[in-house]
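Asker: Structure in structure tokens, see below.
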Amino acid sequence: MEFWSFPPAYDENFLPEAGDRYWFPSRETMPVVERERAIFERLKTVCRYAYEHAPFYRRKWDEAGFHPSHLKSLEDFETRVPVIQKKDLREAQDRMPPFGDYLCVPEGEVFHIHGTSGTTGRPTAFAISRADWRAIANAHARIMWGMGLRPGDTICVAAIFSLYMGSWGALAGAERLGAKCFPFGAGAQGMSARCVQWLAMLKPTAFYGTPTYALHLAQVAEEERISPRAFELKYMFFSGEPGASIPAIRDKLQNLFGAKVFDCGSMAEMTPWMNVAGSAATDGMLCWQDVVYTEVCDPTTLRRVPYGQRGTPVYTHLERTSQPMIRLLSGDLTLWVNEPNPCGRTYPRLPQGIFGRIDDMFTIRGENVYPSEIDKALNELQHYGGEHRVIISRASTMDELLLRVEADQETYSNGAAEIEHFRQQVERKMLGVLGLRSVVQILAPGSLPRTDFKARRVVDDRAVFREIRAQIEKTGPGAAPPRWPDGSIGPP
């Protein structure tokens with residue numbers, strides 16, 4: 001296996017030939033049994049390292065009756081090593097601020113500090129050593145190579161440059177790849193219109209951001225009377241939220257921009273977060289198992305599920321020496337398969353990507369609903385205006401679901417009859433997809449705020465639900481709701 005060592009020691013000058021499909025042919029196409037044998041040996045090394053350098057793991061494993069010497073097989077690792085959760089990391093950083101007692105390297109070796117936003121509760125700090133940052137850059141460059149990106153390509157990184165790992169990880173990979181890096185960023189007022197101007201001027205090869213922001217950017221471009229296809233993008237790769245593996249959203253992005261769309265990204269804590277990512281010939285997400293070892297487990301038993309079944313990913317770093325994550329429970333939901341991949345790589349695959357977080361799921365009248373299912377269904381409707389809100393109420397014995405959905409400009413301009421027809425379309429679509437009836441309010445295009453980051457479309461608020469429900473009953477579900485002075489429609 002190429003450059004297979006711990007700690008990693010990559011050749012920073014190495015690049016494959018431009019026409020090569022694989023960065024590391026052996027690691028990417030080797031028989032699964034051989035790779036799993038190598039991964040098992042690496043897991044023994046990583047567990048010994050963590051036990052010796054991290055009181056966090058030593059304490060947790062001692063309590064569970066596990067010692068690295070107990071590992072005799074991959075099954076031992078998956079059944080005897082306890083999972084860790086994000087709350088464990090926060091508690092560790094409370095005990096030993098700022099980086100917790102799982103840092104594993106001297107604090108003086110920390111090169112990059114990132115973290116969660118900390119909008120609720122204590123933020124979690126990510127400490128990354130200089131050596132780990134180079135390993136991350138090499139892993140991301142290799143995965144981006146698999147998407148088709150090459151040295152000299154121009155890559156626009158249109159995501160917030162802050163504590164957020166997504167933008168920095170994409171930039172690190174692009175730099176290692178030898179690409180022309182265009183770190184445009186996001187977040188400032190008026191920045192989207194400027195981004196459109198720069199994309200039209202530079203015509204970069206590739207674009208990185210969130211699916212939500214790319215769809216918003218397409219709308220801004222059309223308002224500026226510039227076709228998104230005028231950017232001449234060849235590749236778009238996304239992380240941060242479900243979407244790029246959902247056929248309706250992926251196809252919409254591809255049709256708008258005329259570019260190949262890739263889904264990627266696990267968790268910031270698991271950086272190199274591109275450890276699950278698509279390739280030029282393979283849709284969905286490959287599990288790049290020699291970078292981060294991925295198991296898909298039953299959310300209750302935390303035991304690995306057979307291929308072809310749904311579960312929650314559990315991740316283990318194979319190349320990190322600072323803050324290594326060993327069996328970190330993601331809390332996401334996915335389905336995995338192990339079958340021949342069109343690109344020839346012998347990794348398991350998440351054909352539908354990450355569905356969303358299990359704790360984002362809500363239950364309405366006994367039906368489990370994931371926000372990504374609603375996103376998918378609405379994006380399949382021709383006259384969907386690009387944004388919506390899901391408002392749920394748990395005020396009565398029968399939970400209710402209310403959807404505020406933007407229509408496109410054509411539908412809304414054609415008046416009440418067209419609006420009512422579209423509302424009925426949405427109701428029928430939700431009934432077919434979710435198996436339950438919902439209250440639908442149609443809004444004018446542009447009524448709901450856009451985001452240049454991750455979309456948050458679910459509101460669990462009884463007061464808002466009652467207010468909007470009363471408004472619908474007053475005006476009629478097919479009638480155009482009033483526009484407020486701030487430009488919004490209906491209650492905030």
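Ligands are numbered from 1 in the order shown, chains are lettered A, B, ... in the order of the structure tokens, and residues start at 1 in each chain.
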DSSP on the backbone, then: every residue of stretch 369-417 of chain A marked alpha helix (DSSP H), written as a ChimeraX atom specification.

Answerer: /A:371-379,409-413,416-417

Asker: Pull C-alpha atoms from the residues just selected and write them as a PDB file, in the first residue's frame.

Answerer:
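Result file is part.pdb:
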ATOM      1  CA  PRO A 371     -36.393  16.930   6.508  1.00  0.00           C
ATOM      2  CA  SER A 372     -34.360  15.646   3.551  1.00  0.00           C
ATOM      3  CA  GLU A 373     -37.399  13.678   2.329  1.00  0.00           C
ATOM      4  CA  ILE A 374     -39.421  16.892   2.162  1.00  0.00           C
ATOM      5  CA  ASP A 375     -36.525  18.679   0.394  1.00  0.00           C
ATOM      6  CA  LYS A 376     -36.369  15.897  -2.161  1.00  0.00           C
ATOM      7  CA  ALA A 377     -40.129  15.855  -2.819  1.00  0.00           C
ATOM      8  CA  LEU A 378     -40.429  19.617  -3.280  1.00  0.00           C
ATOM      9  CA  ASN A 379     -37.441  19.791  -5.623  1.00  0.00           C
ATOM     10  CA  GLN A 409     -42.430  33.604 -10.274  1.00  0.00           C
ATOM     11  CA  GLU A 410     -44.535  32.348 -13.185  1.00  0.00           C
ATOM     12  CA  THR A 411     -46.975  30.504 -10.945  1.00  0.00           C
ATOM     13  CA  TYR A 412     -47.309  33.314  -8.443  1.00  0.00           C
ATOM     14  CA  SER A 413     -47.786  35.979 -11.115  1.00  0.00           C
ATOM     15  CA  ALA A 416     -55.005  32.711  -7.218  1.00  0.00           C
ATOM     16  CA  ALA A 417     -56.085  29.832  -9.460  1.00  0.00           C
TER      17      ALA A 417
END

Asker: Using only C-alpha atoms, which protein or nucleic acid residues come within 12 Å of A:Glu107? Drop anything in the same chain fewer than 4 positions from it, and give the result as a list of chain:residue names.

Answerer: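 Everything that qualifies: A:Pro97, A:Pro98, A:Phe99, A:Gly100, A:Asp101, A:Tyr102, A:Leu103, A:Phe111, A:His112, A:Ile113, A:Phe126, A:Ala127, A:Ile128, A:Ser129, A:Arg130, A:Ser322, A:Gln323.
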
Asker: Emit the selected residues as a PDB file, in the first residue's frame, including N, CA and C atoms.

Answerer:
ATOM      1  N   PRO A  97      -9.743  22.109  29.736  1.00  0.00           N
ATOM      2  CA  PRO A  97      -9.816  23.075  28.637  1.00  0.00           C
ATOM      3  C   PRO A  97      -8.422  23.439  28.132  1.00  0.00           C
ATOM      4  N   PRO A  98      -8.294  23.868  26.852  1.00  0.00           N
ATOM      5  CA  PRO A  98      -9.413  24.019  25.933  1.00  0.00           C
ATOM      6  C   PRO A  98      -9.639  22.808  25.018  1.00  0.00           C
ATOM      7  N   PHE A  99      -8.659  21.868  24.949  1.00  0.00           N
ATOM      8  CA  PHE A  99      -8.722  20.828  23.926  1.00  0.00           C
ATOM      9  C   PHE A  99      -9.079  19.449  24.448  1.00  0.00           C
ATOM     10  N   GLY A 100      -9.273  19.308  25.763  1.00  0.00           N
ATOM     11  CA  GLY A 100      -9.640  18.008  26.300  1.00  0.00           C
ATOM     12  C   GLY A 100      -8.446  17.103  26.495  1.00  0.00           C
ATOM     13  N   ASP A 101      -8.672  15.996  27.221  1.00  0.00           N
ATOM     14  CA  ASP A 101      -7.583  15.069  27.503  1.00  0.00           C
ATOM     15  C   ASP A 101      -7.500  13.957  26.470  1.00  0.00           C
ATOM     16  N   TYR A 102      -7.887  14.303  25.218  1.00  0.00           N
ATOM     17  CA  TYR A 102      -7.707  13.364  24.103  1.00  0.00           C
ATOM     18  C   TYR A 102      -6.861  14.016  23.005  1.00  0.00           C
ATOM     19  N   LEU A 103      -6.114  15.064  23.368  1.00  0.00           N
ATOM     20  CA  LEU A 103      -5.326  15.797  22.365  1.00  0.00           C
ATOM     21  C   LEU A 103      -4.204  14.935  21.792  1.00  0.00           C
ATOM     22  N   PHE A 111      -1.430  23.457  15.252  1.00  0.00           N
ATOM     23  CA  PHE A 111      -1.195  24.343  14.105  1.00  0.00           C
ATOM     24  C   PHE A 111      -2.463  25.085  13.700  1.00  0.00           C
ATOM     25  N   HIS A 112      -3.598  24.382  13.682  1.00  0.00           N
ATOM     26  CA  HIS A 112      -4.884  24.975  13.336  1.00  0.00           C
ATOM     27  C   HIS A 112      -5.870  24.723  14.477  1.00  0.00           C
ATOM     28  N   ILE A 113      -6.700  25.742  14.786  1.00  0.00           N
ATOM     29  CA  ILE A 113      -7.785  25.587  15.748  1.00  0.00           C
ATOM     30  C   ILE A 113      -9.086  25.903  15.023  1.00  0.00           C
ATOM     31  N   PHE A 126     -11.461  22.091  17.987  1.00  0.00           N
ATOM     32  CA  PHE A 126     -10.707  21.098  17.231  1.00  0.00           C
ATOM     33  C   PHE A 126      -9.260  21.578  17.133  1.00  0.00           C
ATOM     34  N   ALA A 127      -8.350  20.794  17.655  1.00  0.00           N
ATOM     35  CA  ALA A 127      -6.924  21.136  17.621  1.00  0.00           C
ATOM     36  C   ALA A 127      -6.220  20.202  16.650  1.00  0.00           C
ATOM     37  N   ILE A 128      -5.568  20.762  15.652  1.00  0.00           N
ATOM     38  CA  ILE A 128      -4.958  19.964  14.590  1.00  0.00           C
ATOM     39  C   ILE A 128      -3.483  20.319  14.493  1.00  0.00           C
ATOM     40  N   SER A 129      -2.641  19.305  14.588  1.00  0.00           N
ATOM     41  CA  SER A 129      -1.195  19.533  14.514  1.00  0.00           C
ATOM     42  C   SER A 129      -0.784  19.831  13.081  1.00  0.00           C
ATOM     43  N   ARG A 130       0.420  20.379  12.922  1.00  0.00           N
ATOM     44  CA  ARG A 130       0.937  20.678  11.584  1.00  0.00           C
ATOM     45  C   ARG A 130       1.047  19.401  10.745  1.00  0.00           C
ATOM     46  N   SER A 322      -3.380  14.029  16.401  1.00  0.00           N
ATOM     47  CA  SER A 322      -3.936  15.012  17.328  1.00  0.00           C
ATOM     48  C   SER A 322      -5.449  14.827  17.365  1.00  0.00           C
ATOM     49  N   GLN A 323      -5.983  14.683  18.573  1.00  0.00           N
ATOM     50  CA  GLN A 323      -7.412  14.443  18.775  1.00  0.00           C
ATOM     51  C   GLN A 323      -7.956  13.321  17.870  1.00  0.00           C
TER      52      GLN A 323
END

Asker: Got a sec to tell me which of stretch 106-339 of chain A DSSP assigns to strand (DSSP E), as a PyMOL selection string?

Answerer: chain A and resi 110-115+125-129+154-157+180-182+206-209+235-238+260-263+276-279+282-287+292-297+310-317+328-329+332-335

Asker: Write out as a list in words the residues lying within 7 Å of A:Leu403, counting only C-alpha atoms and excluding same-chain residues fewer than 3 positions away.

Answerer: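 Counting only C-alpha atoms, the residues come to Arg389, Val390, Ile391, Val439, Val440 and Gln441 of chain A.
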
Asker: For the residues in the current selection, export N, CA and C atoms as a tab-separated table (two decimals), in the first residue's frame.

Answerer:
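To be explicit, this is the file written out as again-v2.tsv:
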chain	number	residue	atom	x	y	z
A	389	ARG	N	-40.36	26.23	4.52
A	389	ARG	CA	-40.22	26.00	5.95
A	389	ARG	C	-41.21	24.92	6.37
A	390	VAL	N	-40.75	24.09	7.29
A	390	VAL	CA	-41.57	23.02	7.86
A	390	VAL	C	-41.88	23.43	9.30
A	391	ILE	N	-43.15	23.60	9.61
A	391	ILE	CA	-43.54	24.03	10.95
A	391	ILE	C	-44.38	22.93	11.57
A	439	VAL	N	-50.89	20.75	6.09
A	439	VAL	CA	-51.45	22.05	5.74
A	439	VAL	C	-50.38	22.79	4.94
A	440	VAL	N	-50.77	23.33	3.78
A	440	VAL	CA	-49.79	23.97	2.89
A	440	VAL	C	-50.16	25.42	2.66
A	441	GLN	N	-49.19	26.29	2.81
A	441	GLN	CA	-49.34	27.71	2.48
A	441	GLN	C	-48.33	28.05	1.39

Asker: Name all residues at most 12 Å from A:Leu233 (count only C-alpha atoms; drop same-chain ones fewer than 6 positions away) and give them as a list in words.

Answerer: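 Once the adjacent positions are removed, what remains is Leu149, Asp153, Thr154, Ile155, Cys156, Leu199, Ala200, Met201, Leu202, Lys203, Pro204, Thr205, Ala206, Phe207, Tyr208, Ser227, Leu253, Gln254, Asn255, Leu256, Phe257, Gly258, Ala259, Lys260 and Val261 of chain A.
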
Asker: Name the closest residue to A:Cys181 among the candidates A:Pro342, A:Pro31, A:Pro151, A:Gly446; distances are taken between atoms, counting only C-alpha atoms.

Answerer: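 Going through A:Pro342, A:Pro31, A:Pro151, A:Gly446 one by one, the smallest distance to A:Cys181 is for A:Pro151.
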
Asker: Env of stretch 70-82 of chain A: 10 Å cut, atoms = only C-alpha atoms, seq-sep filter 4 positions within chain, self excluded. Answer as a list in words.

Answerer: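 Residues meeting the cut-off are Glu36, Arg37, Ile39, Phe40, Glu41, Leu43, Lys44, Cys47, Tyr57, Lys60, Trp61, Glu63, Ala64, Gly65, Phe66, Glu295, Cys297, Leu302, Arg303, Arg304, Val314, Ile326, Arg327, Leu328 and Leu329 of chain A.
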
Asker: Could you please determine the separation between atom CA of A:Ala281 and atom CA of A:His317 in Å, to one decimal place?

Answerer: 25.9 Å

Asker: Rank A:Ala18, A:Ile160, A:Ile442, A:Met325 by their smallest atom-to-atom distance to A:Gln85, using only C-alpha atoms, and report the top residue only.

Answerer: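 The shortest atom-to-atom distance to A:Gln85 comes from A:Met325.
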
Asker: Work out how far apart atom CA of A:Ala131 and atom CA of A:Val105 are and give it in Å to one decimal.

Answerer: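 One can read the atom CA of A:Ala131 to atom CA of A:Val105 distance as 10.7 Å.
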
Asker: Determine, counting only C-alpha atoms, which protein, DNA and RNA residues have an atom within 12 Å of an atom of A:Ser266; residues of the same chain fewer than 2 positions away are not included. Present the result as number ranges by chain.

Answerer: A: 165-166, 238-242, 263-264, 268-277, 285-288, 292-294, 312-317, 328-334, 350, 353-357

Asker: Please produce a file of those selected residues containing N, CA and C atoms, as a short mmCIF file (atom, residue, chain, number, x, y, z; two decimals), in the first residue's frame.

Answerer:
data_model
loop_
_atom_site.label_atom_id
_atom_site.label_comp_id
_atom_site.auth_asym_id
_atom_site.auth_seq_id
_atom_site.Cartn_x
_atom_site.Cartn_y
_atom_site.Cartn_z
N MET A 165 -14.94 23.91 9.42
CA MET A 165 -13.89 23.08 8.82
C MET A 165 -14.05 22.88 7.32
N GLY A 166 -15.29 23.00 6.83
CA GLY A 166 -15.53 22.69 5.43
C GLY A 166 -14.70 23.51 4.47
N PHE A 238 -19.98 19.25 -2.77
CA PHE A 238 -20.74 19.85 -1.69
C PHE A 238 -20.59 19.05 -0.40
N SER A 239 -20.74 19.76 0.72
CA SER A 239 -20.81 19.10 2.02
C SER A 239 -21.65 19.98 2.94
N GLY A 240 -21.78 19.58 4.19
CA GLY A 240 -22.45 20.41 5.19
C GLY A 240 -23.90 20.09 5.43
N GLU A 241 -24.57 19.45 4.45
CA GLU A 241 -25.99 19.13 4.58
C GLU A 241 -26.34 18.10 3.52
N PRO A 242 -27.45 17.34 3.74
CA PRO A 242 -27.89 16.43 2.68
C PRO A 242 -28.32 17.21 1.45
N ASP A 263 -21.22 14.57 -3.97
CA ASP A 263 -21.55 14.68 -2.55
C ASP A 263 -20.34 14.22 -1.75
N CYS A 264 -20.06 14.90 -0.63
CA CYS A 264 -18.96 14.48 0.22
C CYS A 264 -19.17 15.03 1.62
N ALA A 268 -17.08 17.32 11.04
CA ALA A 268 -15.90 18.16 11.25
C ALA A 268 -14.89 17.48 12.15
N GLU A 269 -15.39 16.78 13.17
CA GLU A 269 -14.50 16.08 14.10
C GLU A 269 -13.67 15.01 13.40
N MET A 270 -14.18 14.53 12.24
CA MET A 270 -13.53 13.44 11.53
C MET A 270 -12.60 13.93 10.43
N THR A 271 -12.33 15.22 10.37
CA THR A 271 -11.44 15.74 9.33
C THR A 271 -10.16 14.90 9.26
N PRO A 272 -9.80 14.38 8.07
CA PRO A 272 -10.27 14.74 6.74
C PRO A 272 -11.72 14.31 6.46
N TRP A 273 -12.62 15.33 6.48
CA TRP A 273 -14.04 15.05 6.40
C TRP A 273 -14.49 14.55 5.02
N MET A 274 -13.63 14.63 4.01
CA MET A 274 -13.99 14.07 2.71
C MET A 274 -13.87 12.55 2.68
N ASN A 275 -13.73 11.93 3.85
CA ASN A 275 -13.56 10.47 3.89
C ASN A 275 -14.74 9.72 3.30
N VAL A 276 -15.91 10.35 3.21
CA VAL A 276 -17.00 9.79 2.42
C VAL A 276 -17.26 10.78 1.28
N ALA A 277 -17.07 10.32 0.04
CA ALA A 277 -17.15 11.23 -1.10
C ALA A 277 -17.33 10.43 -2.39
N MET A 285 -21.66 8.24 -2.18
CA MET A 285 -20.42 8.48 -1.45
C MET A 285 -19.67 7.17 -1.25
N LEU A 286 -18.42 7.15 -1.68
CA LEU A 286 -17.54 6.04 -1.34
C LEU A 286 -17.04 6.23 0.09
N CYS A 287 -16.88 5.14 0.82
CA CYS A 287 -16.24 5.18 2.14
C CYS A 287 -14.76 4.90 1.94
N TRP A 288 -13.94 5.95 1.94
CA TRP A 288 -12.50 5.79 1.72
C TRP A 288 -11.90 5.19 3.00
N VAL A 292 -10.34 6.98 6.79
CA VAL A 292 -11.16 6.87 8.00
C VAL A 292 -11.95 5.58 7.90
N TYR A 293 -11.86 4.75 8.92
CA TYR A 293 -12.59 3.48 8.90
C TYR A 293 -14.04 3.73 9.29
N THR A 294 -14.95 3.37 8.38
CA THR A 294 -16.38 3.61 8.58
C THR A 294 -17.11 2.31 8.82
N THR A 312 -26.44 4.07 11.39
CA THR A 312 -25.73 5.33 11.65
C THR A 312 -24.23 5.11 11.50
N PRO A 313 -23.53 5.96 10.77
CA PRO A 313 -22.08 5.79 10.63
C PRO A 313 -21.34 5.98 11.95
N VAL A 314 -20.34 5.13 12.15
CA VAL A 314 -19.42 5.23 13.28
C VAL A 314 -18.02 5.30 12.66
N TYR A 315 -17.26 6.33 13.00
CA TYR A 315 -16.01 6.63 12.30
C TYR A 315 -14.80 6.47 13.21
N THR A 316 -13.68 6.04 12.60
CA THR A 316 -12.40 5.94 13.31
C THR A 316 -11.28 6.48 12.43
N HIS A 317 -10.52 7.43 12.98
CA HIS A 317 -9.36 7.96 12.26
C HIS A 317 -8.28 6.90 12.12
N LEU A 328 -16.30 7.17 16.80
CA LEU A 328 -17.16 8.32 17.07
C LEU A 328 -18.52 8.08 16.42
N LEU A 329 -19.56 8.15 17.23
CA LEU A 329 -20.93 7.95 16.76
C LEU A 329 -21.41 9.22 16.08
N SER A 330 -21.81 9.12 14.82
CA SER A 330 -22.17 10.32 14.06
C SER A 330 -23.57 10.83 14.40
N GLY A 331 -24.50 9.93 14.65
CA GLY A 331 -25.89 10.35 14.84
C GLY A 331 -26.60 10.60 13.52
N ASP A 332 -25.93 10.36 12.38
CA ASP A 332 -26.57 10.50 11.08
C ASP A 332 -27.24 9.20 10.68
N LEU A 333 -27.99 9.25 9.60
CA LEU A 333 -28.63 8.05 9.07
C LEU A 333 -28.21 7.86 7.62
N THR A 334 -27.88 6.61 7.27
CA THR A 334 -27.49 6.31 5.90
C THR A 334 -27.81 4.85 5.59
N LEU A 350 -22.14 4.60 0.07
CA LEU A 350 -23.42 5.11 0.56
C LEU A 350 -24.16 5.63 -0.67
N GLY A 353 -26.05 8.78 -0.11
CA GLY A 353 -25.38 9.74 0.75
C GLY A 353 -25.87 9.65 2.19
N ILE A 354 -25.79 10.77 2.89
CA ILE A 354 -26.28 10.88 4.27
C ILE A 354 -27.69 11.44 4.22
N PHE A 355 -28.65 10.71 4.81
CA PHE A 355 -30.04 11.17 4.77
C PHE A 355 -30.25 12.40 5.64
N GLY A 356 -29.52 12.48 6.73
CA GLY A 356 -29.71 13.55 7.70
C GLY A 356 -29.43 13.02 9.09
N ARG A 357 -29.55 13.88 10.08
CA ARG A 357 -29.31 13.47 11.46
C ARG A 357 -30.54 12.77 12.02
#

Asker: If I take atom CA of A:Ala248 and atom CA of A:Leu431, how far is one from the other in Å, to one decimal?

Answerer: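 Taking atom CA of A:Ala248 as the start and atom CA of A:Leu431 as the end point, the length is 17.8 Å.
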
Asker: Which of these residues is nearest to A:Asp20, using only C-alpha atoms: A:Val46, A:Val426, A:Met147, A:Leu89?

Answerer: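 Result for the nearest residue to A:Asp20: A:Met147.
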